[in-house]
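> Sharing model-v1.cif, mmCIF, C-alpha atoms:
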```
data_target
loop_
_atom_site.label_atom_id
_atom_site.label_comp_id
_atom_site.auth_asym_id
_atom_site.auth_seq_id
_atom_site.Cartn_x
_atom_site.Cartn_y
_atom_site.Cartn_z
CA MET A 3 -95.12 -5.19 26.04
CA ASN A 4 -98.04 -7.36 27.25
CA ALA A 5 -97.89 -11.13 27.92
CA ASN A 6 -99.15 -12.01 24.41
CA ASP A 7 -96.53 -9.78 22.76
CA SER A 8 -93.61 -11.17 24.73
CA ALA A 9 -94.78 -14.78 24.15
CA ALA A 10 -95.03 -14.03 20.41
CA THR A 11 -91.54 -12.50 20.31
CA ALA A 12 -90.10 -15.57 22.05
CA LEU A 13 -91.91 -17.89 19.65
CA GLU A 14 -90.59 -16.04 16.58
CA SER A 15 -87.03 -16.45 17.91
CA HIS A 16 -87.65 -20.13 18.63
CA ILE A 17 -89.05 -20.77 15.14
CA ARG A 18 -86.28 -18.91 13.33
CA GLY A 19 -83.59 -20.45 15.53
CA THR A 20 -84.73 -24.06 15.08
CA ILE A 21 -86.37 -24.19 11.61
CA PRO A 22 -83.83 -23.09 8.98
CA LEU A 23 -86.48 -22.75 6.29
CA ALA A 24 -88.47 -20.25 8.39
CA ASP A 25 -85.30 -18.19 8.69
CA ALA A 26 -84.66 -18.46 4.92
CA MET A 27 -88.23 -17.20 4.38
CA ASP A 28 -87.55 -14.20 6.70
CA LEU A 29 -90.71 -15.08 8.61
CA LYS A 30 -92.03 -12.62 11.18
CA LEU A 31 -94.72 -13.05 13.84
CA ARG A 32 -96.61 -9.74 13.66
CA ARG A 33 -99.64 -10.13 15.90
CA TYR A 34 -101.04 -12.48 18.49
CA THR A 35 -104.30 -11.84 20.31
CA GLY A 36 -105.12 -15.29 21.73
CA ASP A 37 -107.75 -15.92 19.02
CA LEU A 38 -105.68 -14.85 16.03
CA LEU A 39 -102.04 -15.03 14.96
CA GLU A 40 -100.53 -13.13 12.03
CA MET A 41 -97.24 -13.95 10.30
CA THR A 42 -95.65 -12.21 7.35
CA ALA A 43 -92.79 -12.86 4.93
CA PRO A 44 -91.40 -10.62 2.19
CA LEU A 45 -91.80 -11.71 -1.43
CA ALA A 46 -88.10 -11.75 -2.45
CA PRO A 47 -87.00 -14.94 -0.63
CA ASN A 48 -90.40 -16.54 -1.31
CA VAL A 49 -90.81 -15.89 -5.01
CA ASN A 50 -91.38 -18.54 -7.69
CA ASP A 51 -90.28 -18.70 -11.32
CA LYS A 52 -93.35 -16.62 -12.37
CA GLY A 53 -92.46 -13.72 -10.04
CA CYS A 54 -95.31 -14.32 -7.55
CA ALA A 55 -95.33 -16.15 -4.22
CA PHE A 56 -94.14 -19.76 -4.26
CA GLY A 57 -96.88 -22.22 -3.19
CA GLY A 58 -94.48 -24.00 -0.83
CA SER A 59 -93.71 -20.72 0.96
CA MET A 60 -97.42 -20.05 1.43
CA ALA A 61 -98.03 -23.61 2.67
CA SER A 62 -95.09 -23.25 5.11
CA LEU A 63 -96.19 -19.85 6.42
CA LEU A 64 -99.80 -20.96 6.92
CA THR A 65 -98.83 -24.22 8.63
CA LEU A 66 -96.49 -22.36 10.99
CA ALA A 67 -99.12 -19.72 11.73
CA GLY A 68 -101.63 -22.42 12.68
CA TRP A 69 -99.06 -24.28 14.75
CA GLY A 70 -97.99 -21.05 16.50
CA LEU A 71 -101.58 -20.13 17.37
CA ILE A 72 -102.03 -23.48 19.15
CA GLU A 73 -98.54 -23.46 20.74
CA LEU A 74 -99.04 -20.01 22.29
CA GLY A 75 -102.59 -20.84 23.42
CA LEU A 76 -101.53 -24.03 25.19
CA ARG A 77 -98.47 -22.38 26.75
CA ALA A 78 -100.76 -19.68 28.19
CA GLU A 79 -102.81 -22.52 29.73
CA GLY A 80 -99.58 -23.88 31.25
CA GLN A 81 -99.59 -27.04 29.14
CA ASP A 82 -96.28 -28.36 27.81
CA CYS A 83 -97.13 -30.25 24.60
CA ASP A 84 -95.80 -31.53 21.32
CA ILE A 85 -98.05 -30.15 18.61
CA TYR A 86 -97.88 -31.49 15.08
CA VAL A 87 -99.91 -31.14 11.90
CA GLY A 88 -101.92 -34.24 10.92
CA ASN A 89 -103.54 -33.23 7.67
CA SER A 90 -104.35 -30.12 5.73
CA GLU A 91 -106.14 -28.87 2.67
CA LEU A 92 -104.89 -25.94 0.61
CA ARG A 93 -106.72 -23.85 -1.96
CA TYR A 94 -104.65 -21.51 -4.06
CA GLN A 95 -107.25 -18.99 -5.18
CA GLU A 96 -105.24 -16.09 -6.59
CA PRO A 97 -101.53 -15.28 -7.04
CA VAL A 98 -99.74 -13.07 -4.50
CA TRP A 99 -97.45 -10.42 -5.99
CA GLY A 100 -96.20 -8.77 -2.77
CA GLU A 101 -95.62 -9.49 0.90
CA LEU A 102 -97.15 -12.75 2.16
CA ARG A 103 -99.49 -11.99 5.06
CA GLY A 104 -101.00 -15.02 6.78
CA ILE A 105 -103.66 -15.06 9.49
CA ALA A 106 -104.56 -18.13 11.56
CA ARG A 107 -107.76 -18.62 13.58
CA PHE A 108 -109.46 -21.51 15.35
CA VAL A 109 -112.36 -23.02 13.40
CA GLU A 110 -114.52 -23.01 16.56
CA SER A 111 -114.36 -20.35 19.27
CA ASP A 112 -114.19 -22.86 22.14
CA ALA A 113 -111.66 -25.12 20.38
CA LEU A 114 -108.70 -24.29 22.61
CA ALA A 115 -110.68 -24.82 25.83
CA ARG A 116 -111.86 -28.20 24.52
CA LEU A 117 -108.32 -29.23 23.57
CA ALA A 118 -107.02 -28.15 26.99
CA HIS A 119 -109.73 -30.30 28.60
CA ALA A 120 -108.80 -33.31 26.42
CA LEU A 121 -105.12 -32.87 27.36
CA ARG A 122 -105.94 -32.78 31.07
CA SER A 123 -108.16 -35.85 30.91
CA ARG A 124 -106.44 -38.00 28.26
CA GLY A 125 -103.03 -36.42 27.67
CA LYS A 126 -103.79 -35.85 23.97
CA GLY A 127 -106.28 -34.25 21.61
CA HIS A 128 -106.76 -32.49 18.28
CA ILE A 129 -107.81 -29.06 17.06
CA ASP A 130 -108.78 -27.50 13.73
CA VAL A 131 -107.48 -24.19 12.42
CA VAL A 132 -108.16 -22.11 9.33
CA CYS A 133 -105.39 -19.92 7.96
CA GLU A 134 -105.41 -17.57 5.01
CA ILE A 135 -102.98 -15.56 2.96
CA VAL A 136 -104.70 -12.18 2.69
CA GLY A 137 -105.75 -11.40 -0.88
CA LYS A 138 -107.37 -8.50 -2.66
CA GLN A 139 -111.05 -9.55 -2.81
CA ARG A 140 -110.88 -12.89 -0.98
CA PRO A 141 -108.22 -15.05 0.69
CA ALA A 142 -105.44 -15.60 -1.87
CA THR A 143 -104.67 -18.99 -0.31
CA LEU A 144 -106.72 -20.88 2.24
CA LEU A 145 -105.48 -23.66 4.50
CA THR A 146 -107.63 -25.75 6.79
CA ALA A 147 -105.64 -28.08 9.00
CA ARG A 148 -106.03 -30.52 11.86
CA PHE A 149 -103.27 -30.50 14.43
CA PHE A 150 -102.65 -33.07 17.15
CA ALA A 151 -101.27 -32.29 20.60
CA ARG A 152 -99.78 -34.60 23.19
CA LEU A 153 -98.51 -33.75 26.66
CA ARG A 154 -94.74 -34.14 26.79
CA GLY A 155 -93.66 -37.38 28.47
CA LYS A 156 -96.98 -39.14 27.71
CA MET B 14 -77.40 -38.81 -20.89
CA ASN B 15 -80.82 -39.48 -22.46
CA ALA B 16 -83.46 -36.83 -23.27
CA ASN B 17 -85.28 -37.33 -19.95
CA ASP B 18 -82.05 -36.93 -17.96
CA SER B 19 -80.96 -33.74 -19.71
CA ALA B 20 -84.47 -32.22 -19.40
CA ALA B 21 -84.44 -33.08 -15.68
CA THR B 22 -81.00 -31.51 -15.18
CA ALA B 23 -82.17 -28.31 -16.91
CA LEU B 24 -85.33 -28.21 -14.78
CA GLU B 25 -83.37 -28.60 -11.53
CA SER B 26 -81.19 -25.63 -12.54
CA HIS B 27 -84.28 -23.60 -13.47
CA ILE B 28 -86.02 -24.36 -10.15
CA ARG B 29 -82.96 -23.62 -8.00
CA GLY B 30 -82.13 -20.49 -10.00
CA THR B 31 -85.61 -18.96 -9.82
CA ILE B 32 -87.14 -20.25 -6.54
CA PRO B 33 -84.87 -19.20 -3.64
CA LEU B 34 -86.62 -21.51 -1.18
CA ALA B 35 -85.87 -24.57 -3.36
CA ASP B 36 -82.20 -23.56 -3.28
CA ALA B 37 -82.34 -23.06 0.51
CA MET B 38 -83.81 -26.58 0.77
CA ASP B 39 -80.91 -27.97 -1.34
CA LEU B 40 -83.48 -29.65 -3.58
CA LYS B 41 -82.27 -32.18 -6.15
CA LEU B 42 -84.11 -33.77 -9.07
CA ARG B 43 -82.92 -37.39 -8.92
CA ARG B 44 -85.00 -39.30 -11.45
CA TYR B 45 -87.44 -38.67 -14.26
CA THR B 46 -88.93 -41.45 -16.36
CA GLY B 47 -91.91 -39.71 -17.99
CA ASP B 48 -94.37 -41.35 -15.55
CA LEU B 49 -92.49 -40.65 -12.35
CA LEU B 50 -90.34 -37.88 -10.94
CA GLU B 51 -88.19 -38.13 -7.82
CA MET B 52 -86.78 -35.21 -5.82
CA THR B 53 -84.71 -35.30 -2.66
CA ALA B 54 -83.53 -32.85 -0.02
CA PRO B 55 -81.20 -33.40 2.93
CA LEU B 56 -82.61 -33.14 6.45
CA ALA B 57 -80.30 -30.40 7.81
CA PRO B 58 -81.78 -27.37 5.96
CA ASN B 59 -85.28 -28.87 6.25
CA VAL B 60 -85.41 -29.77 9.93
CA ASN B 61 -88.01 -28.55 12.43
CA ASP B 62 -87.75 -27.77 16.13
CA LYS B 63 -88.33 -31.47 16.98
CA GLY B 64 -85.36 -32.66 14.87
CA CYS B 65 -87.45 -34.27 12.10
CA ALA B 66 -88.51 -32.93 8.69
CA PHE B 67 -90.43 -29.64 8.70
CA GLY B 68 -93.97 -30.00 7.28
CA GLY B 69 -93.50 -26.94 5.08
CA SER B 70 -90.37 -28.46 3.51
CA MET B 71 -92.27 -31.65 2.72
CA ALA B 72 -95.21 -29.68 1.28
CA SER B 73 -92.78 -27.64 -0.84
CA LEU B 74 -90.85 -30.66 -2.11
CA LEU B 75 -94.01 -32.60 -3.00
CA THR B 76 -95.65 -29.63 -4.74
CA LEU B 77 -92.49 -29.01 -6.78
CA ALA B 78 -92.19 -32.70 -7.67
CA GLY B 79 -95.78 -32.75 -8.96
CA TRP B 80 -95.28 -29.51 -10.85
CA GLY B 81 -92.00 -30.78 -12.35
CA LEU B 82 -93.59 -34.03 -13.52
CA ILE B 83 -96.22 -32.06 -15.48
CA GLU B 84 -93.76 -29.41 -16.73
CA LEU B 85 -91.38 -32.00 -18.18
CA GLY B 86 -94.23 -34.06 -19.66
CA LEU B 87 -95.75 -31.06 -21.46
CA ARG B 88 -92.35 -29.81 -22.66
CA ALA B 89 -91.72 -33.26 -24.19
CA GLU B 90 -95.04 -32.82 -26.01
CA GLY B 91 -93.79 -29.45 -27.30
CA GLN B 92 -96.35 -27.44 -25.31
CA ASP B 93 -95.26 -24.16 -23.73
CA CYS B 94 -97.52 -23.66 -20.69
CA ASP B 95 -97.91 -21.96 -17.38
CA ILE B 96 -98.61 -24.68 -14.82
CA TYR B 97 -99.84 -23.81 -11.35
CA VAL B 98 -101.22 -25.70 -8.38
CA GLY B 99 -104.93 -25.17 -7.71
CA ASN B 100 -105.57 -27.20 -4.59
CA SER B 101 -103.96 -29.94 -2.60
CA GLU B 102 -104.50 -32.24 0.33
CA LEU B 103 -101.68 -33.34 2.60
CA ARG B 104 -101.56 -36.20 5.08
CA TYR B 105 -98.64 -36.29 7.44
CA GLN B 106 -98.58 -39.96 8.43
CA GLU B 107 -95.23 -40.45 10.13
CA PRO B 108 -92.22 -38.25 10.96
CA VAL B 109 -89.15 -38.28 8.69
CA TRP B 110 -85.80 -38.40 10.51
CA GLY B 111 -83.46 -38.43 7.49
CA GLU B 112 -83.26 -37.37 3.85
CA LEU B 113 -86.60 -36.27 2.32
CA ARG B 114 -87.30 -38.41 -0.74
CA GLY B 115 -90.39 -37.44 -2.72
CA ILE B 116 -91.92 -39.29 -5.67
CA ALA B 117 -94.61 -37.82 -7.94
CA ARG B 118 -96.89 -39.80 -10.26
CA PHE B 119 -100.01 -39.06 -12.30
CA VAL B 120 -103.24 -40.32 -10.69
CA GLU B 121 -104.36 -41.81 -14.04
CA SER B 122 -102.02 -43.34 -16.60
CA ASP B 123 -103.52 -41.42 -19.55
CA ALA B 124 -103.70 -38.09 -17.65
CA LEU B 125 -100.92 -36.35 -19.56
CA ALA B 126 -102.34 -37.33 -22.96
CA ARG B 127 -105.75 -36.01 -21.92
CA LEU B 128 -104.27 -32.74 -20.67
CA ALA B 129 -102.30 -32.33 -23.91
CA HIS B 130 -105.54 -32.85 -25.86
CA ALA B 131 -107.37 -30.25 -23.71
CA LEU B 132 -104.52 -27.76 -24.29
CA ARG B 133 -104.65 -28.27 -28.06
CA SER B 134 -108.43 -27.88 -28.22
CA ARG B 135 -109.14 -25.29 -25.50
CA GLY B 136 -105.77 -23.81 -24.54
CA LYS B 137 -106.16 -24.92 -20.92
CA GLY B 138 -106.84 -27.95 -18.73
CA HIS B 139 -106.15 -29.62 -15.40
CA ILE B 140 -104.40 -32.73 -14.15
CA ASP B 141 -104.19 -34.64 -10.86
CA VAL B 142 -100.98 -35.93 -9.31
CA VAL B 143 -100.17 -37.94 -6.22
CA CYS B 144 -96.83 -37.41 -4.51
CA GLU B 145 -95.36 -39.12 -1.48
CA ILE B 146 -92.45 -38.72 0.87
CA VAL B 147 -91.10 -42.25 1.12
CA GLY B 148 -91.54 -43.71 4.62
CA LYS B 149 -90.61 -46.93 6.34
CA GLN B 150 -93.83 -48.98 6.09
CA ARG B 151 -96.05 -46.55 4.17
CA PRO B 152 -95.76 -43.05 2.67
CA ALA B 153 -94.56 -40.73 5.46
CA THR B 154 -96.44 -37.83 3.84
CA LEU B 155 -98.95 -38.00 1.04
CA LEU B 156 -100.00 -35.13 -1.23
CA THR B 157 -102.78 -35.24 -3.79
CA ALA B 158 -102.99 -32.12 -5.90
CA ARG B 159 -104.80 -30.66 -8.86
CA PHE B 160 -102.72 -28.51 -11.18
CA PHE B 161 -103.97 -26.22 -13.91
CA ALA B 162 -102.17 -25.56 -17.19
CA ARG B 163 -102.65 -22.80 -19.71
CA LEU B 164 -100.86 -22.26 -23.01
CA ARG B 165 -98.66 -19.17 -22.81
CA GLY B 166 -100.20 -16.14 -24.48
CA LYS B 167 -103.79 -17.45 -24.05
#
```
Would it be possible to restate this file's structure as structure tokens?

Amino acid sequence: MNANDSAATALESHIRGTIPLADAMDLKLRRYTGDLLEMTAPLAPNVNDKGCAFGGSMASLLTLAGWGLIELGLRAEGQDCDIYVGNSELRYQEPVWGELRGIARFVESDALARLAHALRSRGKGHIDVVCEIVGKQRPATLLTARFFARLRGK
Amino acid sequence: MNANDSAATALESHIRGTIPLADAMDLKLRRYTGDLLEMTAPLAPNVNDKGCAFGGSMASLLTLAGWGLIELGLRAEGQDCDIYVGNSELRYQEPVWGELRGIARFVESDALARLAHALRSRGKGHIDVVCEIVGKQRPATLLTARFFARLRGK
């Protein structure tokens, strides 16, 4: 298991141990590469009254995937931060009839380095992520979100 | 119990019986007046790793409150529709350290009448709602969302 894999395993345990809804969703952290984080959840606990994925489950999964991508990136840089979502936009483009598979990426390739710099110089900063629920032809659901980070104790 | 109250009670049962995540959240439909719908959820099943309300729980509660407001309004008009969220914007303005209390309203006072007219003439339409998690000085979280409705069988 490489450093990314063991950090991802620890983060999945942390999320499921401290956020009851993530545990109710049966959320799993499947892949973390530094630039990309993938989370999945089975349909059964995340279904709506129409038999497809509940919008709130997709919003939760995508927000956690974005948060996790930043959390793991900053931890790898040795920065101990509180990271929280500031605002987000969701587009529900097509229904999801099976497993929810969400992928988070940074909007800009140097975003994490710039946030790390802002944290070192000012103790706080923000970062934009784009997360999608994988669909058939296009993203089934798309979230763009701005997260804020602050060094702990500042 | 008036007609609004009994419709609201039936909708709460429907939501909790068909959307497992709403049941895990311990979601309750507290008030429905025709123009306004209020849902609540206790903090414990909706907490995050910082001890305040999880963003995904707030997104879920607000989306369900908006959906419920439209569902009950169209049912009262005798229209049998599928209603689904198209897009939404969320602003997380301050953390919530206790019960989540969400209130949904239509953006425009004649919105429901206009949607009902669109459904009668074209079988489909859209409607905008604004939903907030009540905060101390201002809404703690604000959701604006566009929902789409389609007559069943169209």
> Could you check how far atom CA of A:Ala67 sits from atom CA of B:Ala57, in Å to one decimal?
22.0 Å
> Contacts from chain B to chain A, 6 Å maximum, all atoms listed in the file: show me the residue list as a PyMOL selection string.
chain B and resi 31-33+58+60-62+69+73+99-105
> Could you state which residues are captured by the PyMOL selection byres ((chain B and resi 119) around 7) in this file, as a PyMOL selection string?
chain B and resi 48+118+120-122+124+141-143
> Out of B:Cys65, B:Leu56, B:Ala21, B:Leu87, which residue has the shortest atom-to-atom distance to B:Leu128 when counting all atoms listed in the file?
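For B:Leu128, the nearest of the candidates is B:Leu87.
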> Pick out the closest residue to B:Leu113 from this set: B:Asp39, B:Glu25, B:Glu90, B:Asp18. Count only C-alpha atoms.
B:Asp39
> Would you kindly translate the PyMOL selection byres ((chain A and resi 153) around 12) into the concrete residues it picks from this file, as a list in words?
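Evaluating the PyMOL selection byres ((chain A and resi 153) around 12) on this file yields Glu73, Leu76, Arg77, Gly80, Gln81, Asp82, Cys83, Asp84, Ile85, Tyr86, Leu117, Ala118, His119, Ala120, Leu121, Arg122, Ser123, Arg124, Gly125, Lys126, Gly127, His128, Phe150, Ala151, Arg152, Arg154, Gly155 and Lys156 of chain A.
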> For atom CA of B:Ile83 and atom CA of B:Ala20, quote the distance in Å rounded to one decimal.
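Those two atoms sit 12.4 Å apart.
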> For atom CA of A:Ala5 and atom CA of A:Leu29, determine how far apart the two atoms are, in Å to one decimal place.
21.0 Å
> Set the distance at 8 Å and use all atoms listed in the file: which residues neighbour B:Lys41 once local chain neighbours fewer than 6 positions away are removed? I'd like the list as a list in words.
Glu25, Met52, Thr53 and Ala54 of chain B
> Any chance you can output those residues with C-alpha atoms as an mmCIF file, in the frame of the given file?

```cif
data_model
loop_
_atom_site.group_PDB
_atom_site.id
_atom_site.type_symbol
_atom_site.label_atom_id
_atom_site.label_comp_id
_atom_site.auth_asym_id
_atom_site.auth_seq_id
_atom_site.Cartn_x
_atom_site.Cartn_y
_atom_site.Cartn_z
ATOM 1 C CA GLU B 25 -83.370 -28.600 -11.530
ATOM 2 C CA MET B 52 -86.780 -35.210 -5.820
ATOM 3 C CA THR B 53 -84.710 -35.300 -2.660
ATOM 4 C CA ALA B 54 -83.530 -32.850 -0.020
#
```
> Using all atoms listed in the file, find the one residue out of B:Leu49, B:Ala117, B:Leu24, B:Leu42 that sits nearest to B:Glu145.
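Counting all atoms listed in the file, the residue closest to B:Glu145 is B:Ala117.
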